[in-house]
Every structure is written in C-alpha cells, then in structure tokens.
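J.: Structure file input.cif, mmCIF, C-alpha atoms, is pasted below:
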```cif
data_coords
#
loop_
_atom_site.label_atom_id
_atom_site.label_comp_id
_atom_site.auth_asym_id
_atom_site.auth_seq_id
_atom_site.Cartn_x
_atom_site.Cartn_y
_atom_site.Cartn_z
CA MET A 1 42.48 -113.29 -115.26
CA ARG A 2 44.03 -110.49 -113.16
CA LEU A 3 41.42 -108.00 -112.00
CA ASN A 4 41.75 -104.28 -111.64
CA THR A 5 40.33 -103.48 -108.22
CA SER A 6 39.52 -99.94 -109.32
CA MET A 7 36.85 -101.40 -111.56
CA LEU A 8 34.97 -103.18 -108.81
CA ILE A 9 31.40 -101.92 -108.87
CA THR A 10 28.83 -102.64 -106.22
CA VAL A 11 25.34 -102.99 -107.65
CA HIS A 12 22.32 -104.25 -105.74
CA GLU A 13 24.67 -105.20 -102.88
CA LYS A 14 26.64 -107.55 -105.16
CA ALA A 15 30.28 -106.85 -105.99
CA ILE A 16 30.87 -107.26 -109.71
CA ALA A 17 34.50 -107.41 -110.81
CA PHE A 18 35.45 -106.33 -114.31
CA PRO A 19 38.71 -107.31 -116.00
CA THR A 20 40.81 -104.38 -117.15
CA ASP A 21 39.66 -102.91 -120.45
CA ALA A 22 42.91 -103.67 -122.24
CA ARG A 23 43.09 -107.33 -121.24
CA LEU A 24 39.42 -108.01 -121.98
CA TYR A 25 39.64 -106.18 -125.29
CA HIS A 26 42.72 -108.19 -126.33
CA LYS A 27 41.14 -111.54 -125.37
CA MET A 28 37.90 -110.84 -127.22
CA ARG A 29 39.68 -109.44 -130.29
CA VAL A 30 41.91 -112.54 -130.61
CA THR A 31 38.85 -114.80 -130.40
CA LEU A 32 36.92 -112.79 -132.98
CA VAL A 33 39.81 -112.63 -135.45
CA ARG A 34 40.24 -116.41 -135.23
CA GLU A 35 36.53 -116.90 -135.91
CA ALA A 36 36.72 -114.55 -138.88
CA HIS A 37 39.54 -116.55 -140.44
CA LYS A 38 37.66 -119.83 -139.82
CA ARG A 39 34.66 -118.50 -141.72
CA ASP A 40 36.90 -117.06 -144.45
CA ILE A 41 35.18 -113.69 -144.19
CA PRO A 42 36.30 -111.31 -146.94
CA LEU A 43 38.37 -108.42 -145.65
CA ARG A 44 37.06 -105.93 -148.17
CA GLN A 45 33.46 -104.79 -147.91
CA SER A 46 32.24 -101.42 -149.11
CA PHE A 47 30.15 -98.95 -147.15
CA LYS A 48 26.48 -99.25 -148.00
CA LYS A 49 23.97 -96.54 -147.24
CA VAL A 50 20.78 -98.38 -146.42
CA GLY A 51 17.49 -96.48 -146.66
CA LYS A 52 15.76 -95.78 -143.34
CA LYS A 53 12.66 -97.84 -144.10
CA ALA A 54 14.74 -100.70 -145.49
CA PHE A 55 16.95 -101.17 -142.46
CA ILE A 56 14.05 -100.75 -140.03
CA MET A 57 12.18 -103.51 -141.82
CA GLN A 58 15.25 -105.75 -141.73
CA GLY A 59 15.83 -105.02 -138.06
CA ARG A 60 12.26 -105.83 -137.05
CA TYR A 61 12.38 -109.21 -138.75
CA ALA A 62 14.69 -110.95 -136.29
CA THR A 63 17.52 -110.43 -133.83
CA ASN A 64 21.00 -109.54 -135.04
CA LYS A 65 19.88 -108.14 -138.37
CA VAL A 66 20.48 -104.43 -137.70
CA TRP A 67 22.41 -102.81 -134.87
CA VAL A 68 22.36 -99.06 -134.25
CA THR A 69 25.24 -97.29 -132.53
CA ASP A 70 26.02 -93.79 -131.30
CA PHE A 71 27.74 -92.05 -128.42
CA THR A 72 26.97 -89.28 -125.97
CA TYR A 73 28.75 -87.58 -123.10
CA ILE A 74 28.04 -87.32 -119.37
CA ARG A 75 29.26 -84.49 -117.14
CA THR A 76 31.44 -85.24 -114.11
CA HIS A 77 33.65 -83.03 -111.95
CA GLU A 78 36.64 -84.91 -113.40
CA GLY A 79 35.61 -84.03 -116.96
CA TRP A 80 33.43 -85.66 -119.60
CA LEU A 81 32.63 -89.37 -119.59
CA TYR A 82 31.85 -90.62 -123.10
CA LEU A 83 29.32 -93.42 -123.51
CA THR A 84 28.81 -95.51 -126.64
CA VAL A 85 25.96 -98.00 -127.01
CA VAL A 86 25.03 -100.62 -129.59
CA ILE A 87 21.31 -101.39 -129.80
CA ASP A 88 19.64 -104.30 -131.60
CA LEU A 89 16.84 -102.81 -133.66
CA PHE A 90 14.66 -105.90 -133.19
CA SER A 91 13.71 -105.41 -129.54
CA ARG A 92 15.89 -102.40 -128.67
CA PRO A 93 18.18 -103.92 -126.00
CA VAL A 94 21.60 -102.40 -125.42
CA VAL A 95 23.80 -105.28 -126.55
CA GLY A 96 27.12 -103.46 -126.28
CA TRP A 97 28.43 -100.43 -124.45
CA SER A 98 31.69 -98.69 -123.67
CA MET A 99 32.61 -95.79 -121.38
CA LYS A 100 35.86 -93.82 -121.62
CA SER A 101 37.33 -90.42 -120.85
CA SER A 102 37.94 -89.54 -124.52
CA PRO A 103 35.92 -90.03 -127.74
CA ARG A 104 38.59 -91.86 -129.72
CA ALA A 105 37.96 -94.74 -132.09
CA ASP A 106 38.44 -97.40 -129.40
CA LEU A 107 35.38 -95.99 -127.60
CA VAL A 108 33.03 -97.09 -130.38
CA ILE A 109 34.99 -100.22 -131.35
CA ASP A 110 34.91 -101.59 -127.80
CA ALA A 111 31.13 -101.21 -127.64
CA LEU A 112 30.76 -103.09 -130.92
CA LEU A 113 33.21 -105.71 -129.69
CA MET A 114 31.00 -106.33 -126.65
CA ALA A 115 27.94 -106.65 -128.90
CA ILE A 116 29.64 -109.32 -131.00
CA TRP A 117 30.90 -111.14 -127.93
CA ARG A 118 27.45 -111.22 -126.32
CA ARG A 119 25.25 -111.85 -129.37
CA LYS A 120 27.58 -114.04 -131.46
CA PRO A 121 25.76 -113.33 -134.75
CA LYS A 122 25.89 -116.14 -137.28
CA HIS A 123 25.19 -113.98 -140.31
CA ARG A 124 26.00 -110.52 -141.59
CA VAL A 125 24.78 -107.66 -139.38
CA ILE A 126 24.12 -104.13 -140.61
CA VAL A 127 25.63 -101.57 -138.22
CA HIS A 128 24.01 -98.15 -138.52
CA SER A 129 25.76 -94.99 -137.30
CA ASP A 130 26.15 -91.34 -138.09
CA GLN A 131 29.05 -90.00 -140.15
CA GLY A 132 31.17 -88.93 -137.20
CA VAL A 133 34.94 -89.30 -137.48
CA GLN A 134 34.91 -92.34 -135.17
CA TYR A 135 32.66 -94.20 -137.64
CA THR A 136 34.58 -93.28 -140.78
CA CYS A 137 38.13 -93.92 -139.61
CA GLY A 138 40.24 -96.81 -140.88
CA ASP A 139 40.19 -98.75 -137.58
CA TRP A 140 36.38 -98.80 -137.55
CA ARG A 141 36.09 -99.87 -141.18
CA LYS A 142 38.65 -102.63 -140.76
CA PHE A 143 36.91 -103.94 -137.64
CA LEU A 144 33.63 -104.14 -139.56
CA GLN A 145 35.32 -105.92 -142.45
CA ASP A 146 37.10 -108.41 -140.21
CA ASN A 147 33.90 -109.37 -138.39
CA HIS A 148 31.38 -109.70 -141.22
CA LEU A 149 29.57 -106.46 -140.41
CA GLU A 150 28.19 -104.01 -142.96
CA ALA A 151 28.20 -100.27 -142.44
CA SER A 152 25.08 -98.15 -142.86
CA MET A 153 25.39 -94.43 -142.31
CA SER A 154 23.00 -91.58 -141.64
CA ARG A 155 22.79 -88.73 -144.07
CA ARG A 156 25.28 -86.05 -143.12
CA GLY A 157 23.80 -83.60 -140.62
CA ASN A 158 20.57 -85.57 -140.17
CA CYS A 159 20.34 -86.77 -136.55
CA HIS A 160 16.84 -88.19 -137.09
CA ASP A 161 18.32 -91.08 -139.08
CA ASN A 162 19.80 -92.37 -135.82
CA ALA A 163 16.72 -91.74 -133.70
CA VAL A 164 16.80 -95.15 -131.97
CA ALA A 165 20.11 -94.43 -130.24
CA GLU A 166 19.10 -90.85 -129.51
CA SER A 167 15.90 -92.13 -127.91
CA PHE A 168 17.88 -94.39 -125.58
CA PHE A 169 20.13 -91.53 -124.50
CA SER A 170 17.05 -89.40 -123.79
CA LEU A 171 15.61 -92.17 -121.60
CA LEU A 172 18.89 -92.59 -119.74
CA LYS A 173 19.15 -88.87 -119.01
CA MET A 174 15.48 -88.60 -118.06
CA ASP A 175 15.32 -91.77 -115.91
CA ARG A 176 18.65 -91.65 -114.16
CA ILE A 177 20.98 -88.73 -114.84
CA LYS A 178 18.47 -85.86 -114.58
CA ARG A 179 21.00 -83.09 -115.26
CA ARG A 180 23.25 -84.37 -112.49
CA ILE A 181 26.98 -83.69 -112.52
CA PHE A 182 28.67 -86.79 -111.10
CA LYS A 183 31.54 -86.40 -108.65
CA THR A 184 33.79 -88.83 -110.51
CA ARG A 185 33.80 -90.78 -113.76
CA ALA A 186 33.68 -93.99 -111.70
CA ASP A 187 30.42 -92.83 -110.09
CA ALA A 188 28.95 -92.13 -113.52
CA ARG A 189 30.11 -95.51 -114.87
CA ALA A 190 28.50 -97.37 -111.96
CA GLU A 191 25.20 -95.52 -112.42
CA ILE A 192 25.07 -96.09 -116.17
CA PHE A 193 26.06 -99.74 -115.84
CA ASP A 194 23.27 -100.28 -113.31
CA TYR A 195 20.75 -98.53 -115.56
CA ILE A 196 21.59 -100.56 -118.67
CA GLU A 197 22.07 -104.01 -117.17
CA PHE A 198 19.63 -103.99 -114.24
CA PHE A 199 16.85 -101.67 -115.40
CA TYR A 200 16.65 -100.76 -119.08
CA ASN A 201 17.32 -104.17 -120.65
CA PRO A 202 15.38 -106.40 -118.22
CA LYS A 203 12.70 -104.11 -116.80
CA ARG A 204 11.94 -100.88 -118.65
CA HIS A 205 8.69 -100.99 -120.59
CA HIS A 206 9.23 -100.14 -124.25
CA GLY A 207 6.51 -98.90 -126.59
CA ASN A 208 8.21 -100.49 -129.57
CA ASN A 209 7.84 -103.89 -127.86
CA GLY A 210 4.18 -103.66 -127.02
CA GLY A 211 4.91 -102.31 -123.56
CA VAL A 212 7.35 -104.98 -122.37
CA SER A 213 11.08 -104.78 -121.74
CA PRO A 214 13.65 -105.65 -124.43
CA MET A 215 14.69 -108.87 -122.67
CA LYS A 216 11.10 -110.01 -122.11
CA TYR A 217 10.18 -109.26 -125.71
CA GLU A 218 13.03 -111.42 -127.01
CA LYS A 219 12.18 -114.19 -124.55
CA GLN A 220 8.57 -114.22 -125.79
CA TYR A 221 9.78 -114.18 -129.40
CA PHE A 222 11.98 -117.26 -128.98
CA GLU A 223 9.33 -119.07 -126.98
CA ASN A 224 6.85 -118.51 -129.81
CA LEU A 225 9.39 -119.83 -132.32
CA GLU A 226 9.68 -123.05 -130.33
CA VAL A 227 5.89 -123.48 -130.30
CA VAL A 228 5.69 -122.98 -134.07
#
```
Could you write out this file's structure as structure tokens?
T.:
Amino acid sequence: MRLNTSMLITVHEKAIAFPTDARLYHKMRVTLVREAHKRDIPLRQSFKKVGKKAFIMQGRYATNKVWVTDFTYIRTHEGWLYLTVVIDLFSRPVVGWSMKSSPRADLVIDALLMAIWRRKPKHRVIVHSDQGVQYTCGDWRKFLQDNHLEASMSRRGNCHDNAVAESFFSLLKMDRIKRRIFKTRADARAEIFDYIEFFYNPKRHHGNNGGVSPMKYEKQYFENLEVV
C-alpha cells in the first residue's frame, strides 16, 4: 500500500508508517461491508436509549458488549485538532480513535471503524454517545446498521451519561497535554498517538480495573477463562 510520508511518526525511536486516511478507510469499509452481507445483518435497526445502569452492567460482563464514544478538541497554532475515541466499557481501553482538523461525521465514523477492525466483534455491540449532530446524522446511523451495532444515546444536555469518555479526556489532558498549545496538528497527533498506544492502554493504572492497565486487565480476564 502506498504510504503518505507526512504521516510518518517517530515514537520510542521507532518509525511507524501510517497509510493515508482515505486509502485505509476505503479498504476497511469494503471489508466490513462484505462481512455484513455474509452475516445477512439487517440494515434497519432503531435507536435504543439504554438506561445508564443497564448498559454499564452489560459492558462489565465481557469485552465488546458496550463501547462508549465521544470527541474533544486540542489547541494547536494551526487551529483545532479534533480527537474522537471509542472505549470498551469492560476494561476501558481505547479501541478506536481518529484525529482530524474538522468535527464532521467522518471523524466519529473513522474511530468506530478502527474499533471494529481491531476488535472484530462477533455479536451485537451497543455504542453509547451523546446526542451531538455527528451521532444523529444519516451517515452515522447507516454505519451502525450496516455493522450490527446498536445506538445508545445520553439524555440531551446531560454530559454525566458519557462520563467514561469524559474521564479519558481528562486523563489525557492531565497526563500529557497540560494546557499546552501544540505548534502543529502533526505534533499533537504524534503526542496523542503515543499516549494512547504506548501509555494509556498498556501501562496506565486504572481504578476501574483494580489498579491495572486496560490491556493487563483483559489479559488476566482471558487467562482466567482458559483456566476455568
């Protein structure tokens, strides 16, 4: 696959090359649509508002039961950088993320696309979000329908319903950003990528996981399943 050299990021002295957003998005979308047709997933599913306690209980039962998504913005001297994350409620890892210069629908869809690509859920997943325009538009609803995902939405104007995502953003800004204004969007992307993939998911202690990182918690969970 042709690589965009502008998206080469050096992290921990290792050069990591990312395919261009458009090409990667197209490849993953084609694969996912084919899988949807193979499984004969219905294209019409209605929005369902799941109670807070109900979806938390479902999410704590196993992986890929409930995902939570939201976006925030990071200041740079080139303008805002918008960040969307998708978090698995089970052990709170960031399973999908997307960073763009505008908060259009593809910002949130690309993050969810990454989550599906990485987790490959075998059953229906509840995707919880707020009622922002990105999460109520036709493109978002169709993507959920095509990929066997069910929408759950916060009550209008109640940010506490999406506290899991808000908590992650608070940690990111406290641990790494610290009110900084990045010189460029590329600098901000590199810093956020490093935080998610090399610190938060594999290393950061999480109170919800008994003080271990999201990745370690899941590893222990699957090891215990094998023993049982």
J.: Point out the residue among A:Trp117, A:Phe199, A:Trp67, A:Phe182 with the least atom-to-atom distance to Phe90 in chain A, counting all atoms listed in the file.
T.: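 For Phe90 in chain A, the nearest of the given residues is A:Trp67.
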J.: Taking the file as shown, find all residues satisfying the PyMOL selection byres ((chain A and resi 125) around 6) and write them as a PyMOL selection string.
T.: chain A and resi 65-66+124+126+149
J.: If you measure from CA of Arg176 in chain A to CA of Ile196 in chain A, what distance in Å do you get, rounded to one decimal?
T.: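 Going from CA of Arg176 in chain A over to CA of Ile196 in chain A, I get 10.4 Å.
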J.: Once the PyMOL selection byres ((chain A and resi 135) around 12) is applied to the coordinates I shared, what remains selected? I want it as JSON, numbers by chain.
T.: {"A": [47, 68, 69, 70, 71, 84, 103, 104, 105, 106, 107, 108, 109, 112, 127, 128, 129, 130, 131, 132, 133, 134, 136, 137, 138, 139, 140, 141, 142, 143, 144, 151, 152, 153, 154]}
J.: For this file, the PyMOL selection byres ((chain A and resi 93) around 9) selects which residues, as a list in words?
T.: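 In the shown coordinates, the PyMOL selection byres ((chain A and resi 93) around 9) covers Val86, Ile87, Asp88, Leu89, Phe90, Ser91, Arg92, Val94, Val95, Gly96, Ile196, Tyr200, Asn201, Pro202, Ser213, Pro214 and Met215 of chain A.
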J.: So how many Å separate CA of Val85 in chain A and CA of Leu171 in chain A, to one decimal?
T.: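 Result for CA of Val85 in chain A versus CA of Leu171 in chain A: 13.1 Å, one decimal.
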J.: Give me, please, the distance in Å between CA of Asp146 in chain A and CA of Pro121 in chain A, quoted to one decimal.
T.: 13.5 Å
J.: Return the padded bounding box of range 82-85 of chain A as lines of an AutoDock Vina configuration file: axis-aligned, built from all atoms listed in the file, 3 Å added on each side, with centre and edge lengths in Å to one decimal.
T.:
```
center_x = 28.9
center_y = -94.3
center_z = -125.1
size_x = 11.9
size_y = 13.4
size_z = 9.9
```
J.: Find the residues around Val212 in chain A up to 10 Å (only C-alpha atoms counted), leave out those fewer than 6 positions away in its own chain, and share them as number ranges by chain.
T.: A: 91, 202-206, 218, 220
J.: Mind checking which residues fall within 10 Å of range 75-82 of chain A, counting all atoms listed in the file, ignoring those fewer than 6 positions away in the same chain, and posting them as an MDAnalysis selection string?
T.: chainID A and resid 98:104 107:108 177 179:189
J.: For the selection just defined, write its residues with C-alpha atoms to a file, as a PDB file, in the coordinates of the input.
T.:
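After the write, part-v1.pdb holds the following:
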```pdb
ATOM      1  CA  SER A  98      31.690 -98.690-123.670  1.00  0.00           C
ATOM      2  CA  MET A  99      32.610 -95.790-121.380  1.00  0.00           C
ATOM      3  CA  LYS A 100      35.860 -93.820-121.620  1.00  0.00           C
ATOM      4  CA  SER A 101      37.330 -90.420-120.850  1.00  0.00           C
ATOM      5  CA  SER A 102      37.940 -89.540-124.520  1.00  0.00           C
ATOM      6  CA  PRO A 103      35.920 -90.030-127.740  1.00  0.00           C
ATOM      7  CA  ARG A 104      38.590 -91.860-129.720  1.00  0.00           C
ATOM      8  CA  LEU A 107      35.380 -95.990-127.600  1.00  0.00           C
ATOM      9  CA  VAL A 108      33.030 -97.090-130.380  1.00  0.00           C
ATOM     10  CA  ILE A 177      20.980 -88.730-114.840  1.00  0.00           C
ATOM     11  CA  ARG A 179      21.000 -83.090-115.260  1.00  0.00           C
ATOM     12  CA  ARG A 180      23.250 -84.370-112.490  1.00  0.00           C
ATOM     13  CA  ILE A 181      26.980 -83.690-112.520  1.00  0.00           C
ATOM     14  CA  PHE A 182      28.670 -86.790-111.100  1.00  0.00           C
ATOM     15  CA  LYS A 183      31.540 -86.400-108.650  1.00  0.00           C
ATOM     16  CA  THR A 184      33.790 -88.830-110.510  1.00  0.00           C
ATOM     17  CA  ARG A 185      33.800 -90.780-113.760  1.00  0.00           C
ATOM     18  CA  ALA A 186      33.680 -93.990-111.700  1.00  0.00           C
ATOM     19  CA  ASP A 187      30.420 -92.830-110.090  1.00  0.00           C
ATOM     20  CA  ALA A 188      28.950 -92.130-113.520  1.00  0.00           C
ATOM     21  CA  ARG A 189      30.110 -95.510-114.870  1.00  0.00           C
TER      22      ARG A 189
END
```
J.: Can I get range 129-163 of chain A with N, CA and C atoms filled in, as a short mmCIF file (atom, residue, chain, number, x, y, z; two decimals), keeping the file's coordinate frame?
T.:
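Once everything was written out, this is result18.cif:
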```cif
data_model
loop_
_atom_site.label_atom_id
_atom_site.label_comp_id
_atom_site.auth_asym_id
_atom_site.auth_seq_id
_atom_site.Cartn_x
_atom_site.Cartn_y
_atom_site.Cartn_z
N SER A 129 25.17 -96.07 -138.11
CA SER A 129 25.76 -94.99 -137.30
C SER A 129 25.62 -93.67 -138.03
N ASP A 130 26.06 -92.60 -137.38
CA ASP A 130 26.15 -91.34 -138.09
C ASP A 130 27.49 -91.28 -138.83
N GLN A 131 27.81 -90.13 -139.38
CA GLN A 131 29.05 -90.00 -140.15
C GLN A 131 30.15 -89.31 -139.36
N GLY A 132 30.12 -89.50 -138.03
CA GLY A 132 31.17 -88.93 -137.20
C GLY A 132 32.52 -89.54 -137.52
N VAL A 133 33.58 -88.86 -137.12
CA VAL A 133 34.94 -89.30 -137.48
C VAL A 133 35.25 -90.67 -136.91
N GLN A 134 34.65 -91.02 -135.76
CA GLN A 134 34.91 -92.34 -135.17
C GLN A 134 34.37 -93.46 -136.05
N TYR A 135 33.31 -93.17 -136.81
CA TYR A 135 32.66 -94.20 -137.64
C TYR A 135 33.11 -94.19 -139.09
N THR A 136 34.05 -93.31 -139.41
CA THR A 136 34.58 -93.28 -140.78
C THR A 136 36.08 -93.53 -140.81
N CYS A 137 36.68 -93.72 -139.65
CA CYS A 137 38.13 -93.92 -139.61
C CYS A 137 38.51 -95.33 -140.07
N GLY A 138 39.77 -95.52 -140.37
CA GLY A 138 40.24 -96.81 -140.88
C GLY A 138 40.08 -97.95 -139.88
N ASP A 139 40.31 -97.69 -138.59
CA ASP A 139 40.19 -98.75 -137.58
C ASP A 139 38.77 -99.29 -137.52
N TRP A 140 37.78 -98.39 -137.59
CA TRP A 140 36.38 -98.80 -137.55
C TRP A 140 36.03 -99.63 -138.78
N ARG A 141 36.41 -99.16 -139.95
CA ARG A 141 36.09 -99.87 -141.18
C ARG A 141 36.72 -101.25 -141.22
N LYS A 142 37.98 -101.33 -140.75
CA LYS A 142 38.65 -102.63 -140.76
C LYS A 142 37.99 -103.59 -139.77
N PHE A 143 37.58 -103.07 -138.61
CA PHE A 143 36.91 -103.94 -137.64
C PHE A 143 35.61 -104.49 -138.21
N LEU A 144 34.85 -103.67 -138.91
CA LEU A 144 33.63 -104.14 -139.56
C LEU A 144 33.96 -105.23 -140.59
N GLN A 145 34.94 -104.98 -141.41
CA GLN A 145 35.32 -105.92 -142.45
C GLN A 145 35.77 -107.26 -141.87
N ASP A 146 36.55 -107.19 -140.81
CA ASP A 146 37.10 -108.41 -140.21
C ASP A 146 36.04 -109.26 -139.51
N ASN A 147 34.90 -108.66 -139.19
CA ASN A 147 33.90 -109.37 -138.39
C ASN A 147 32.55 -109.51 -139.09
N HIS A 148 32.57 -109.43 -140.42
CA HIS A 148 31.38 -109.70 -141.22
C HIS A 148 30.23 -108.77 -140.87
N LEU A 149 30.56 -107.49 -140.71
CA LEU A 149 29.57 -106.46 -140.41
C LEU A 149 29.52 -105.47 -141.57
N GLU A 150 28.37 -104.93 -141.83
CA GLU A 150 28.19 -104.01 -142.96
C GLU A 150 27.77 -102.65 -142.45
N ALA A 151 28.46 -101.63 -142.91
CA ALA A 151 28.20 -100.27 -142.44
C ALA A 151 26.99 -99.66 -143.15
N SER A 152 26.17 -98.99 -142.36
CA SER A 152 25.08 -98.15 -142.86
C SER A 152 25.23 -96.82 -142.16
N MET A 153 25.12 -95.73 -142.91
CA MET A 153 25.39 -94.43 -142.31
C MET A 153 24.26 -93.45 -142.54
N SER A 154 24.00 -92.63 -141.52
CA SER A 154 23.00 -91.58 -141.64
C SER A 154 23.43 -90.56 -142.68
N ARG A 155 22.45 -89.85 -143.20
CA ARG A 155 22.79 -88.73 -144.07
C ARG A 155 23.50 -87.67 -143.25
N ARG A 156 24.48 -87.03 -143.84
CA ARG A 156 25.28 -86.05 -143.12
C ARG A 156 24.38 -84.93 -142.56
N GLY A 157 24.54 -84.68 -141.26
CA GLY A 157 23.80 -83.60 -140.62
C GLY A 157 22.37 -83.94 -140.26
N ASN A 158 21.95 -85.20 -140.47
CA ASN A 158 20.57 -85.57 -140.17
C ASN A 158 20.55 -86.52 -138.97
N CYS A 159 20.32 -85.97 -137.77
CA CYS A 159 20.34 -86.77 -136.55
C CYS A 159 19.14 -87.69 -136.45
N HIS A 160 18.06 -87.38 -137.19
CA HIS A 160 16.84 -88.19 -137.09
C HIS A 160 17.04 -89.59 -137.67
N ASP A 161 18.04 -89.76 -138.53
CA ASP A 161 18.32 -91.08 -139.08
C ASP A 161 18.81 -92.05 -138.01
N ASN A 162 19.31 -91.52 -136.90
CA ASN A 162 19.80 -92.37 -135.82
C ASN A 162 18.95 -92.18 -134.57
N ALA A 163 17.64 -92.07 -134.78
CA ALA A 163 16.72 -91.74 -133.70
C ALA A 163 16.64 -92.81 -132.62
#
```
